[in-house]
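File shown here: structure.txt, holding compact mmCIF, N, CA and C atoms and all ligand atoms.
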# COMPACT_ATOMS: atom_id res chain seq x y z
N MET A 1 31.79 7.23 16.10
CA MET A 1 32.53 7.83 17.21
C MET A 1 31.99 7.29 18.53
N ASP A 2 32.86 6.80 19.38
CA ASP A 2 32.43 6.28 20.67
C ASP A 2 32.49 7.38 21.71
N ALA A 3 31.35 7.89 22.12
CA ALA A 3 31.31 9.02 23.04
C ALA A 3 31.11 8.57 24.47
N THR A 4 30.97 7.26 24.69
CA THR A 4 30.54 6.81 26.01
C THR A 4 31.63 6.94 27.06
N HIS A 5 32.91 6.95 26.66
CA HIS A 5 33.96 6.98 27.68
C HIS A 5 34.67 8.32 27.75
N ALA A 6 34.32 9.25 26.85
CA ALA A 6 34.97 10.56 26.87
C ALA A 6 34.32 11.42 27.96
N PRO A 7 35.10 12.21 28.67
CA PRO A 7 34.49 13.09 29.68
C PRO A 7 33.91 14.33 29.04
N CYS A 8 32.93 14.95 29.71
CA CYS A 8 32.37 16.20 29.24
C CYS A 8 33.40 17.30 29.42
N PRO A 9 33.61 18.17 28.42
CA PRO A 9 34.62 19.22 28.54
C PRO A 9 34.30 20.22 29.65
N LEU A 10 33.03 20.40 29.96
CA LEU A 10 32.64 21.35 31.02
C LEU A 10 32.58 20.70 32.38
N HIS A 11 32.27 19.41 32.41
CA HIS A 11 32.16 18.67 33.66
C HIS A 11 33.02 17.42 33.54
N PRO A 12 34.34 17.56 33.81
CA PRO A 12 35.26 16.42 33.58
C PRO A 12 34.93 15.20 34.43
N GLU A 13 34.17 15.40 35.52
CA GLU A 13 33.84 14.26 36.37
C GLU A 13 32.68 13.45 35.81
N ARG A 14 32.00 14.02 34.79
CA ARG A 14 30.86 13.32 34.22
C ARG A 14 31.22 12.74 32.86
N PRO A 15 30.74 11.53 32.56
CA PRO A 15 30.99 10.95 31.24
C PRO A 15 30.10 11.60 30.19
N ALA A 16 30.60 11.74 28.98
CA ALA A 16 29.80 12.30 27.90
C ALA A 16 28.70 11.31 27.52
N GLU A 17 27.52 11.81 27.30
CA GLU A 17 26.39 10.96 26.93
C GLU A 17 26.16 10.99 25.43
N GLY A 18 26.84 11.89 24.75
CA GLY A 18 26.67 11.99 23.30
C GLY A 18 27.41 13.21 22.78
N THR A 19 27.21 13.53 21.53
CA THR A 19 27.87 14.69 20.95
C THR A 19 26.84 15.63 20.37
N CYS A 20 27.20 16.91 20.28
CA CYS A 20 26.34 17.92 19.68
C CYS A 20 26.20 17.62 18.20
N SER A 21 24.97 17.60 17.70
CA SER A 21 24.76 17.23 16.29
C SER A 21 25.21 18.35 15.36
N ARG A 22 25.58 19.49 15.91
CA ARG A 22 25.95 20.63 15.10
C ARG A 22 27.46 20.84 15.10
N CYS A 23 28.06 20.94 16.29
CA CYS A 23 29.50 21.22 16.34
C CYS A 23 30.30 20.00 16.76
N GLY A 24 29.63 18.93 17.23
CA GLY A 24 30.33 17.69 17.53
C GLY A 24 31.00 17.65 18.88
N THR A 25 30.78 18.65 19.72
CA THR A 25 31.42 18.66 21.03
C THR A 25 30.77 17.61 21.93
N PHE A 26 31.59 17.03 22.86
CA PHE A 26 31.05 16.03 23.78
C PHE A 26 30.11 16.69 24.78
N LEU A 27 29.01 16.01 25.10
CA LEU A 27 28.02 16.57 26.02
C LEU A 27 27.69 15.55 27.10
N CYS A 28 27.66 16.01 28.35
CA CYS A 28 27.20 15.13 29.42
C CYS A 28 25.68 15.31 29.56
N GLU A 29 25.10 14.56 30.46
CA GLU A 29 23.65 14.59 30.62
C GLU A 29 23.15 15.99 30.96
N ARG A 30 23.97 16.73 31.73
CA ARG A 30 23.54 18.04 32.18
C ARG A 30 23.70 19.09 31.06
N CYS A 31 24.63 18.86 30.13
CA CYS A 31 24.93 19.86 29.10
C CYS A 31 24.02 19.73 27.88
N ARG A 32 23.55 18.53 27.62
CA ARG A 32 22.85 18.36 26.34
C ARG A 32 21.47 19.00 26.38
N LYS A 33 21.11 19.57 25.26
CA LYS A 33 19.79 20.13 25.08
C LYS A 33 19.19 19.49 23.84
N TRP A 34 17.85 19.42 23.82
CA TRP A 34 17.19 18.75 22.70
C TRP A 34 16.42 19.74 21.87
N GLN A 35 16.45 19.53 20.58
CA GLN A 35 15.62 20.33 19.69
C GLN A 35 15.16 19.43 18.56
N VAL A 36 13.88 19.14 18.50
CA VAL A 36 13.29 18.26 17.50
C VAL A 36 14.12 16.98 17.36
N GLY A 37 14.44 16.36 18.49
CA GLY A 37 15.16 15.10 18.44
C GLY A 37 16.64 15.22 18.14
N ARG A 38 17.14 16.46 18.00
CA ARG A 38 18.57 16.66 17.78
C ARG A 38 19.23 16.97 19.11
N MET A 39 20.39 16.37 19.37
CA MET A 39 21.12 16.70 20.57
C MET A 39 22.06 17.86 20.27
N LEU A 40 21.97 18.91 21.08
CA LEU A 40 22.77 20.11 20.84
C LEU A 40 23.43 20.55 22.13
N CYS A 41 24.59 21.22 22.00
CA CYS A 41 25.19 21.86 23.17
C CYS A 41 24.45 23.18 23.40
N SER A 42 24.64 23.78 24.58
CA SER A 42 23.85 24.97 24.90
C SER A 42 24.17 26.12 23.95
N ARG A 43 25.44 26.19 23.49
CA ARG A 43 25.81 27.27 22.58
C ARG A 43 25.08 27.12 21.24
N CYS A 44 25.11 25.90 20.67
CA CYS A 44 24.45 25.66 19.39
C CYS A 44 22.93 25.78 19.53
N HIS A 45 22.41 25.42 20.69
CA HIS A 45 20.98 25.54 20.93
C HIS A 45 20.56 27.00 20.84
N THR A 46 21.38 27.88 21.44
CA THR A 46 21.09 29.31 21.38
C THR A 46 21.17 29.82 19.95
N VAL A 47 22.21 29.38 19.23
CA VAL A 47 22.38 29.79 17.83
C VAL A 47 21.19 29.32 17.00
N ALA A 48 20.77 28.07 17.23
CA ALA A 48 19.66 27.50 16.45
C ALA A 48 18.38 28.27 16.71
N LEU A 49 18.18 28.72 17.94
CA LEU A 49 16.96 29.47 18.25
C LEU A 49 16.97 30.84 17.58
N GLY A 50 18.18 31.38 17.35
CA GLY A 50 18.29 32.70 16.74
C GLY A 50 18.17 32.69 15.23
N GLU A 51 18.18 31.47 14.62
CA GLU A 51 18.08 31.39 13.17
C GLU A 51 16.69 31.77 12.70
N LYS A 52 16.64 32.29 11.49
CA LYS A 52 15.35 32.63 10.90
C LYS A 52 14.66 31.35 10.44
N PRO A 53 13.37 31.20 10.69
CA PRO A 53 12.67 30.02 10.19
C PRO A 53 12.73 29.97 8.66
N SER A 54 12.72 28.78 8.11
CA SER A 54 12.81 28.63 6.66
C SER A 54 11.54 29.15 5.99
N GLN A 55 11.64 29.34 4.67
CA GLN A 55 10.50 29.82 3.90
C GLN A 55 9.32 28.85 3.99
N ARG A 56 9.66 27.55 4.04
CA ARG A 56 8.60 26.55 4.07
C ARG A 56 7.84 26.62 5.39
N ALA A 57 8.56 26.89 6.50
CA ALA A 57 7.90 27.04 7.79
C ALA A 57 6.92 28.21 7.74
N THR A 58 7.36 29.31 7.11
CA THR A 58 6.50 30.49 6.97
C THR A 58 5.28 30.15 6.13
N LEU A 59 5.51 29.50 4.98
CA LEU A 59 4.42 29.14 4.07
C LEU A 59 3.43 28.20 4.76
N ALA A 60 3.95 27.24 5.50
CA ALA A 60 3.09 26.28 6.19
C ALA A 60 2.13 27.01 7.12
N LEU A 61 2.68 27.99 7.84
CA LEU A 61 1.86 28.74 8.79
C LEU A 61 0.83 29.60 8.05
N ILE A 62 1.25 30.20 6.93
CA ILE A 62 0.32 31.04 6.15
C ILE A 62 -0.84 30.19 5.62
N PHE A 63 -0.50 29.04 5.03
CA PHE A 63 -1.55 28.16 4.48
C PHE A 63 -2.48 27.68 5.58
N ALA A 64 -1.89 27.34 6.74
CA ALA A 64 -2.71 26.86 7.85
C ALA A 64 -3.66 27.95 8.32
N THR A 65 -3.20 29.20 8.31
CA THR A 65 -4.04 30.31 8.74
C THR A 65 -5.13 30.59 7.71
N VAL A 66 -4.75 30.60 6.42
CA VAL A 66 -5.72 30.83 5.35
C VAL A 66 -6.78 29.73 5.36
N GLY A 67 -6.41 28.55 5.86
CA GLY A 67 -7.33 27.43 5.92
C GLY A 67 -8.60 27.74 6.70
N PHE A 68 -8.53 28.73 7.60
CA PHE A 68 -9.71 29.09 8.36
C PHE A 68 -10.80 29.68 7.47
N ILE A 69 -10.43 30.14 6.28
CA ILE A 69 -11.42 30.70 5.36
C ILE A 69 -12.02 29.59 4.50
N GLY A 70 -11.16 28.71 3.98
CA GLY A 70 -11.69 27.72 3.05
C GLY A 70 -11.31 26.29 3.35
N PHE A 71 -10.59 26.04 4.46
CA PHE A 71 -10.18 24.71 4.92
C PHE A 71 -9.16 24.03 4.00
N VAL A 72 -9.35 24.09 2.67
CA VAL A 72 -8.46 23.33 1.78
C VAL A 72 -7.00 23.80 1.88
N PRO A 73 -6.73 25.14 1.92
CA PRO A 73 -5.33 25.56 2.10
C PRO A 73 -4.74 25.02 3.40
N GLY A 74 -5.59 24.77 4.38
CA GLY A 74 -5.12 24.20 5.64
C GLY A 74 -4.46 22.84 5.45
N LEU A 75 -4.92 22.09 4.43
CA LEU A 75 -4.33 20.79 4.13
C LEU A 75 -2.93 20.96 3.56
N VAL A 76 -2.73 22.03 2.77
CA VAL A 76 -1.40 22.36 2.24
C VAL A 76 -0.48 22.67 3.42
N GLY A 77 -1.01 23.46 4.37
CA GLY A 77 -0.25 23.78 5.57
C GLY A 77 0.14 22.53 6.34
N LEU A 78 -0.78 21.57 6.38
CA LEU A 78 -0.53 20.31 7.08
C LEU A 78 0.66 19.56 6.45
N VAL A 79 0.63 19.45 5.10
CA VAL A 79 1.70 18.74 4.39
C VAL A 79 3.03 19.48 4.56
N LEU A 80 3.00 20.82 4.37
CA LEU A 80 4.22 21.62 4.49
C LEU A 80 4.77 21.52 5.92
N GLY A 81 3.87 21.53 6.90
CA GLY A 81 4.30 21.42 8.29
C GLY A 81 5.04 20.12 8.53
N TYR A 82 4.51 19.02 7.99
CA TYR A 82 5.17 17.72 8.15
C TYR A 82 6.53 17.70 7.46
N GLN A 83 6.58 18.26 6.21
CA GLN A 83 7.84 18.30 5.46
C GLN A 83 8.89 19.10 6.22
N GLU A 84 8.45 20.25 6.77
CA GLU A 84 9.37 21.12 7.47
C GLU A 84 9.90 20.45 8.74
N LEU A 85 9.02 19.79 9.49
CA LEU A 85 9.46 19.10 10.70
C LEU A 85 10.49 18.02 10.37
N ALA A 86 10.27 17.31 9.26
CA ALA A 86 11.22 16.28 8.84
C ALA A 86 12.56 16.91 8.47
N ALA A 87 12.51 18.08 7.80
CA ALA A 87 13.72 18.77 7.38
C ALA A 87 14.50 19.28 8.60
N ILE A 88 13.77 19.78 9.61
CA ILE A 88 14.43 20.26 10.83
C ILE A 88 15.11 19.09 11.53
N ARG A 89 14.44 17.94 11.55
CA ARG A 89 14.99 16.75 12.20
C ARG A 89 16.26 16.28 11.48
N ARG A 90 16.27 16.43 10.14
CA ARG A 90 17.46 16.05 9.38
C ARG A 90 18.56 17.07 9.53
N GLY A 91 18.21 18.26 10.00
CA GLY A 91 19.21 19.31 10.16
C GLY A 91 19.36 20.18 8.93
N THR A 92 18.45 20.03 7.93
CA THR A 92 18.56 20.82 6.71
C THR A 92 17.74 22.11 6.79
N SER A 93 16.92 22.26 7.83
CA SER A 93 16.15 23.48 8.02
C SER A 93 16.44 24.04 9.41
N PRO A 94 16.43 25.38 9.55
CA PRO A 94 16.69 25.96 10.87
C PRO A 94 15.66 25.53 11.89
N GLY A 95 16.12 25.16 13.08
CA GLY A 95 15.25 24.65 14.13
C GLY A 95 14.26 25.69 14.64
N SER A 96 14.52 26.95 14.34
CA SER A 96 13.62 28.01 14.83
C SER A 96 12.25 27.90 14.17
N GLY A 97 12.16 27.17 13.04
CA GLY A 97 10.86 27.02 12.38
C GLY A 97 10.01 25.95 13.01
N GLU A 98 10.54 25.27 14.04
CA GLU A 98 9.82 24.15 14.64
C GLU A 98 8.45 24.57 15.16
N GLY A 99 8.41 25.69 15.89
CA GLY A 99 7.15 26.15 16.47
C GLY A 99 6.11 26.40 15.39
N TRP A 100 6.53 27.05 14.33
CA TRP A 100 5.61 27.36 13.23
C TRP A 100 5.15 26.09 12.53
N ALA A 101 6.10 25.19 12.27
CA ALA A 101 5.76 23.95 11.57
C ALA A 101 4.80 23.11 12.41
N LEU A 102 5.06 23.06 13.73
CA LEU A 102 4.17 22.31 14.63
C LEU A 102 2.77 22.91 14.63
N LEU A 103 2.72 24.24 14.69
CA LEU A 103 1.45 24.94 14.70
C LEU A 103 0.69 24.66 13.41
N ALA A 104 1.40 24.77 12.26
CA ALA A 104 0.77 24.52 10.96
C ALA A 104 0.24 23.09 10.89
N ARG A 105 1.03 22.14 11.43
CA ARG A 105 0.62 20.75 11.39
C ARG A 105 -0.65 20.54 12.23
N ASN A 106 -0.65 21.11 13.43
CA ASN A 106 -1.80 20.93 14.32
C ASN A 106 -3.05 21.61 13.77
N VAL A 107 -2.88 22.83 13.26
CA VAL A 107 -4.02 23.55 12.69
C VAL A 107 -4.50 22.80 11.44
N GLY A 108 -3.55 22.25 10.66
CA GLY A 108 -3.88 21.48 9.46
C GLY A 108 -4.74 20.27 9.79
N TRP A 109 -4.41 19.60 10.91
CA TRP A 109 -5.21 18.45 11.34
C TRP A 109 -6.63 18.89 11.69
N PHE A 110 -6.72 20.08 12.29
CA PHE A 110 -8.03 20.62 12.64
C PHE A 110 -8.87 20.80 11.37
N HIS A 111 -8.25 21.41 10.32
CA HIS A 111 -8.97 21.63 9.06
C HIS A 111 -9.39 20.31 8.43
N LEU A 112 -8.48 19.32 8.49
CA LEU A 112 -8.77 18.01 7.91
C LEU A 112 -9.98 17.39 8.61
N THR A 113 -10.00 17.50 9.94
CA THR A 113 -11.10 16.94 10.72
C THR A 113 -12.42 17.62 10.34
N VAL A 114 -12.38 18.97 10.26
CA VAL A 114 -13.60 19.71 9.91
C VAL A 114 -14.08 19.30 8.52
N LEU A 115 -13.13 19.17 7.57
CA LEU A 115 -13.50 18.77 6.21
C LEU A 115 -14.15 17.40 6.20
N LEU A 116 -13.60 16.48 6.99
CA LEU A 116 -14.16 15.13 7.05
C LEU A 116 -15.57 15.16 7.61
N ILE A 117 -15.76 15.96 8.66
CA ILE A 117 -17.09 16.05 9.27
C ILE A 117 -18.09 16.62 8.26
N ILE A 118 -17.66 17.70 7.54
CA ILE A 118 -18.53 18.30 6.53
C ILE A 118 -18.83 17.27 5.44
N GLY A 119 -17.78 16.55 5.01
CA GLY A 119 -17.92 15.55 3.95
C GLY A 119 -18.88 14.45 4.36
N LEU A 120 -18.76 13.98 5.59
CA LEU A 120 -19.63 12.92 6.07
C LEU A 120 -21.07 13.38 6.16
N GLY A 121 -21.24 14.63 6.65
CA GLY A 121 -22.58 15.19 6.75
C GLY A 121 -23.22 15.31 5.37
N TRP A 122 -22.40 15.69 4.38
CA TRP A 122 -22.87 15.86 3.01
C TRP A 122 -23.26 14.52 2.41
N MET A 123 -22.47 13.48 2.70
CA MET A 123 -22.77 12.15 2.18
C MET A 123 -24.02 11.56 2.82
N ALA A 124 -24.20 11.87 4.12
CA ALA A 124 -25.36 11.36 4.84
C ALA A 124 -26.65 11.95 4.28
N ARG A 125 -26.53 13.20 3.78
CA ARG A 125 -27.73 13.88 3.30
C ARG A 125 -28.11 13.41 1.90
N SER A 126 -27.13 13.10 1.06
CA SER A 126 -27.43 12.77 -0.34
C SER A 126 -27.83 11.29 -0.49
ZN ZN B 1 27.30 22.46 19.58
ZN ZN B 2 28.64 18.73 31.00
File written out as structure tokens:
Amino acid sequence: MDATHAPCPLHPERPAEGTCSRCGTFLCERCRKWQVGRMLCSRCHTVALGEKPSQRATLALIFATVGFIGFVPGLVGLVLGYQELAAIRRGTSPGSGEGWALLARNVGWFHLTVLLIIGLGWMARS
């Protein structure tokens, strides 16, 4: 679909810069909103924010939190966080899980770093 010459439905004086990845409506520069690399109209953006995060986003956050006790579950959270972010980008998971998935990914990296430091210290001693 060539969106470059179509006018924005809300701002007819502005050319559309793309289409909403959800409903396909033309969007000008002022109308488009971004969510995890997806271009959305303001209506779909609001709907996407109201969606419940997916089960995987929830699990990723739980594992990342449990990782503070034993670190290893934090690595599960890291993997799940990455999977969930990829799914949100593909549009197969609700975008509302983005915050949780990002958090799980970042906390997961923290656990991985701590594990590496512990591992290195252990190797240095033996
Ligand atoms: Zn839309
Ligand atoms: Zn517009």
- Task: Report as a VMD selection string which protein, DNA and RNA residues come within 6.5 Å of ligand ZN 1 (chain B), using only N, CA and C atoms and all ligand atoms.
- Result: chain A and resid 20 to 25 40 to 45
- Residues within 8 Å of ligand ZN 2 (chain B) should be enumerated using only N, CA and C atoms and all ligand atoms and returned as a PyMOL selection string. chain A and resi 7-17+26-32
- Query: Contacts of segment 59-64 of chain A at 6 Å or less, counting only N, CA and C atoms, minus same-chain residues fewer than 6 places along, as number ranges by chain?
  - Reply: A: 73-74, 76-78, 80-81, 100, 104, 107-108
- Could you tell me how far atom CA of Gly50 of chain A lies from atom C of Ser93 of chain A, in Å and to one decimal? 11.5 Å
- Quick one: pull the distance between atom CA of Leu75 of chain A and atom CA of Glu98 of chain A, Å, one decimal.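 Separation of atom CA of Leu75 of chain A and atom CA of Glu98 of chain A: 17.9 Å.
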- Pick from A:Met39, A:Thr65, A:Leu49, A:Ile117, whichever lies nearest to Leu103 of chain A using all atoms listed in the file: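 Among the listed residues, the smallest separation from Leu103 of chain A belongs to A:Thr65.
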- Query: Which residue gives the smallest distance to Val36 of chain A among A:Glu51, A:Gly95, A:Met123, A:Arg105, with all atoms listed in the file counted?
  - Reply: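 Among A:Glu51, A:Gly95, A:Met123, A:Arg105, it is A:Gly95 that comes nearest to Val36 of chain A.
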- To one decimal in Å, tell me the separation between atom CA of Gly18 of chain A and atom CA of Gly91 of chain A.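 So the answer is 16.8 Å.
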Helix (DSSP H, G or I) positions in chain A, given as a short mmCIF file (atom, residue, chain, number, x, y, z; two decimals) with N, CA and C atoms, in the coordinates of the input:
data_model
loop_
_atom_site.label_atom_id
_atom_site.label_comp_id
_atom_site.auth_asym_id
_atom_site.auth_seq_id
_atom_site.Cartn_x
_atom_site.Cartn_y
_atom_site.Cartn_z
N SER A 42 24.64 23.78 24.58
CA SER A 42 23.85 24.97 24.90
C SER A 42 24.17 26.12 23.95
N ARG A 43 25.44 26.19 23.49
CA ARG A 43 25.81 27.27 22.58
C ARG A 43 25.08 27.12 21.24
N CYS A 44 25.11 25.90 20.67
CA CYS A 44 24.45 25.66 19.39
C CYS A 44 22.93 25.78 19.53
N HIS A 45 22.41 25.42 20.69
CA HIS A 45 20.98 25.54 20.93
C HIS A 45 20.56 27.00 20.84
N THR A 46 21.38 27.88 21.44
CA THR A 46 21.09 29.31 21.38
C THR A 46 21.17 29.82 19.95
N VAL A 47 22.21 29.38 19.23
CA VAL A 47 22.38 29.79 17.83
C VAL A 47 21.19 29.32 17.00
N ALA A 48 20.77 28.07 17.23
CA ALA A 48 19.66 27.50 16.45
C ALA A 48 18.38 28.27 16.71
N LEU A 49 18.18 28.72 17.94
CA LEU A 49 16.96 29.47 18.25
C LEU A 49 16.97 30.84 17.58
N GLY A 50 18.18 31.38 17.35
CA GLY A 50 18.29 32.70 16.74
C GLY A 50 18.17 32.69 15.23
N GLN A 55 11.64 29.34 4.67
CA GLN A 55 10.50 29.82 3.90
C GLN A 55 9.32 28.85 3.99
N ARG A 56 9.66 27.55 4.04
CA ARG A 56 8.60 26.55 4.07
C ARG A 56 7.84 26.62 5.39
N ALA A 57 8.56 26.89 6.50
CA ALA A 57 7.90 27.04 7.79
C ALA A 57 6.92 28.21 7.74
N THR A 58 7.36 29.31 7.11
CA THR A 58 6.50 30.49 6.97
C THR A 58 5.28 30.15 6.13
N LEU A 59 5.51 29.50 4.98
CA LEU A 59 4.42 29.14 4.07
C LEU A 59 3.43 28.20 4.76
N ALA A 60 3.95 27.24 5.50
CA ALA A 60 3.09 26.28 6.19
C ALA A 60 2.13 27.01 7.12
N LEU A 61 2.68 27.99 7.84
CA LEU A 61 1.86 28.74 8.79
C LEU A 61 0.83 29.60 8.05
N ILE A 62 1.25 30.20 6.93
CA ILE A 62 0.32 31.04 6.15
C ILE A 62 -0.84 30.19 5.62
N PHE A 63 -0.50 29.04 5.03
CA PHE A 63 -1.55 28.16 4.48
C PHE A 63 -2.48 27.68 5.58
N ALA A 64 -1.89 27.34 6.74
CA ALA A 64 -2.71 26.86 7.85
C ALA A 64 -3.66 27.95 8.32
N THR A 65 -3.20 29.20 8.31
CA THR A 65 -4.04 30.31 8.74
C THR A 65 -5.13 30.59 7.71
N VAL A 66 -4.75 30.60 6.42
CA VAL A 66 -5.72 30.83 5.35
C VAL A 66 -6.78 29.73 5.36
N GLY A 67 -6.41 28.55 5.86
CA GLY A 67 -7.33 27.43 5.92
C GLY A 67 -8.60 27.74 6.70
N PHE A 68 -8.53 28.73 7.60
CA PHE A 68 -9.71 29.09 8.36
C PHE A 68 -10.80 29.68 7.47
N ILE A 69 -10.43 30.14 6.28
CA ILE A 69 -11.42 30.70 5.36
C ILE A 69 -12.02 29.59 4.50
N GLY A 70 -11.16 28.71 3.98
CA GLY A 70 -11.69 27.72 3.05
C GLY A 70 -11.31 26.29 3.35
N VAL A 72 -9.35 24.09 2.67
CA VAL A 72 -8.46 23.33 1.78
C VAL A 72 -7.00 23.80 1.88
N PRO A 73 -6.73 25.14 1.92
CA PRO A 73 -5.33 25.56 2.10
C PRO A 73 -4.74 25.02 3.40
N GLY A 74 -5.59 24.77 4.38
CA GLY A 74 -5.12 24.20 5.64
C GLY A 74 -4.46 22.84 5.45
N LEU A 75 -4.92 22.09 4.43
CA LEU A 75 -4.33 20.79 4.13
C LEU A 75 -2.93 20.96 3.56
N VAL A 76 -2.73 22.03 2.77
CA VAL A 76 -1.40 22.36 2.24
C VAL A 76 -0.48 22.67 3.42
N GLY A 77 -1.01 23.46 4.37
CA GLY A 77 -0.25 23.78 5.57
C GLY A 77 0.14 22.53 6.34
N LEU A 78 -0.78 21.57 6.38
CA LEU A 78 -0.53 20.31 7.08
C LEU A 78 0.66 19.56 6.45
N VAL A 79 0.63 19.45 5.10
CA VAL A 79 1.70 18.74 4.39
C VAL A 79 3.03 19.48 4.56
N LEU A 80 3.00 20.82 4.37
CA LEU A 80 4.22 21.62 4.49
C LEU A 80 4.77 21.52 5.92
N GLY A 81 3.87 21.53 6.90
CA GLY A 81 4.30 21.42 8.29
C GLY A 81 5.04 20.12 8.53
N TYR A 82 4.51 19.02 7.99
CA TYR A 82 5.17 17.72 8.15
C TYR A 82 6.53 17.70 7.46
N GLN A 83 6.58 18.26 6.21
CA GLN A 83 7.84 18.30 5.46
C GLN A 83 8.89 19.10 6.22
N GLU A 84 8.45 20.25 6.77
CA GLU A 84 9.37 21.12 7.47
C GLU A 84 9.90 20.45 8.74
N LEU A 85 9.02 19.79 9.49
CA LEU A 85 9.46 19.10 10.70
C LEU A 85 10.49 18.02 10.37
N ALA A 86 10.27 17.31 9.26
CA ALA A 86 11.22 16.28 8.84
C ALA A 86 12.56 16.91 8.47
N ALA A 87 12.51 18.08 7.80
CA ALA A 87 13.72 18.77 7.38
C ALA A 87 14.50 19.28 8.60
N ILE A 88 13.77 19.78 9.61
CA ILE A 88 14.43 20.26 10.83
C ILE A 88 15.11 19.09 11.53
N ARG A 89 14.44 17.94 11.55
CA ARG A 89 14.99 16.75 12.20
C ARG A 89 16.26 16.28 11.48
N ARG A 90 16.27 16.43 10.14
CA ARG A 90 17.46 16.05 9.38
C ARG A 90 18.56 17.07 9.53
N GLY A 95 16.12 25.16 13.08
CA GLY A 95 15.25 24.65 14.13
C GLY A 95 14.26 25.69 14.64
N SER A 96 14.52 26.95 14.34
CA SER A 96 13.62 28.01 14.83
C SER A 96 12.25 27.90 14.17
N GLY A 97 12.16 27.17 13.04
CA GLY A 97 10.86 27.02 12.38
C GLY A 97 10.01 25.95 13.01
N GLU A 98 10.54 25.27 14.04
CA GLU A 98 9.82 24.15 14.64
C GLU A 98 8.45 24.57 15.16
N GLY A 99 8.41 25.69 15.89
CA GLY A 99 7.15 26.15 16.47
C GLY A 99 6.11 26.40 15.39
N TRP A 100 6.53 27.05 14.33
CA TRP A 100 5.61 27.36 13.23
C TRP A 100 5.15 26.09 12.53
N ALA A 101 6.10 25.19 12.27
CA ALA A 101 5.76 23.95 11.57
C ALA A 101 4.80 23.11 12.41
N LEU A 102 5.06 23.06 13.73
CA LEU A 102 4.17 22.31 14.63
C LEU A 102 2.77 22.91 14.63
N LEU A 103 2.72 24.24 14.69
CA LEU A 103 1.45 24.94 14.70
C LEU A 103 0.69 24.66 13.41
N ALA A 104 1.40 24.77 12.26
CA ALA A 104 0.77 24.52 10.96
C ALA A 104 0.24 23.09 10.89
N ARG A 105 1.03 22.14 11.43
CA ARG A 105 0.62 20.75 11.39
C ARG A 105 -0.65 20.54 12.23
N ASN A 106 -0.65 21.11 13.43
CA ASN A 106 -1.80 20.93 14.32
C ASN A 106 -3.05 21.61 13.77
N VAL A 107 -2.88 22.83 13.26
CA VAL A 107 -4.02 23.55 12.69
C VAL A 107 -4.50 22.80 11.44
N GLY A 108 -3.55 22.25 10.66
CA GLY A 108 -3.88 21.48 9.46
C GLY A 108 -4.74 20.27 9.79
N TRP A 109 -4.41 19.60 10.91
CA TRP A 109 -5.21 18.45 11.34
C TRP A 109 -6.63 18.89 11.69
N PHE A 110 -6.72 20.08 12.29
CA PHE A 110 -8.03 20.62 12.64
C PHE A 110 -8.87 20.80 11.37
N HIS A 111 -8.25 21.41 10.32
CA HIS A 111 -8.97 21.63 9.06
C HIS A 111 -9.39 20.31 8.43
N LEU A 112 -8.48 19.32 8.49
CA LEU A 112 -8.77 18.01 7.91
C LEU A 112 -9.98 17.39 8.61
N THR A 113 -10.00 17.50 9.94
CA THR A 113 -11.10 16.94 10.72
C THR A 113 -12.42 17.62 10.34
N VAL A 114 -12.38 18.97 10.26
CA VAL A 114 -13.60 19.71 9.91
C VAL A 114 -14.08 19.30 8.52
N LEU A 115 -13.13 19.17 7.57
CA LEU A 115 -13.50 18.77 6.21
C LEU A 115 -14.15 17.40 6.20
N LEU A 116 -13.60 16.48 6.99
CA LEU A 116 -14.16 15.13 7.05
C LEU A 116 -15.57 15.16 7.61
N ILE A 117 -15.76 15.96 8.66
CA ILE A 117 -17.09 16.05 9.27
C ILE A 117 -18.09 16.62 8.26
N ILE A 118 -17.66 17.70 7.54
CA ILE A 118 -18.53 18.30 6.53
C ILE A 118 -18.83 17.27 5.44
N GLY A 119 -17.78 16.55 5.01
CA GLY A 119 -17.92 15.55 3.95
C GLY A 119 -18.88 14.45 4.36
N LEU A 120 -18.76 13.98 5.59
CA LEU A 120 -19.63 12.92 6.07
C LEU A 120 -21.07 13.38 6.16
N GLY A 121 -21.24 14.63 6.65
CA GLY A 121 -22.58 15.19 6.75
C GLY A 121 -23.22 15.31 5.37
N TRP A 122 -22.40 15.69 4.38
CA TRP A 122 -22.87 15.86 3.01
C TRP A 122 -23.26 14.52 2.41
N MET A 123 -22.47 13.48 2.70
CA MET A 123 -22.77 12.15 2.18
C MET A 123 -24.02 11.56 2.82
N ALA A 124 -24.20 11.87 4.12
CA ALA A 124 -25.36 11.36 4.84
C ALA A 124 -26.65 11.95 4.28
N ARG A 125 -26.53 13.20 3.78
CA ARG A 125 -27.73 13.88 3.30
C ARG A 125 -28.11 13.41 1.90
#
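The smallest atom-to-atom distance between Leu102 of chain A and any of A:Ile118, A:Ala124, A:Ile69, A:Ala57, using only N, CA and C atoms, is found for A:Ala57.
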- Report the residues of segment 9-121 of chain A whose backbone DSSP state falls under strand (DSSP E or B), written as a ChimeraX atom specification. /A:15,18-19,26-27,33-35,38-40
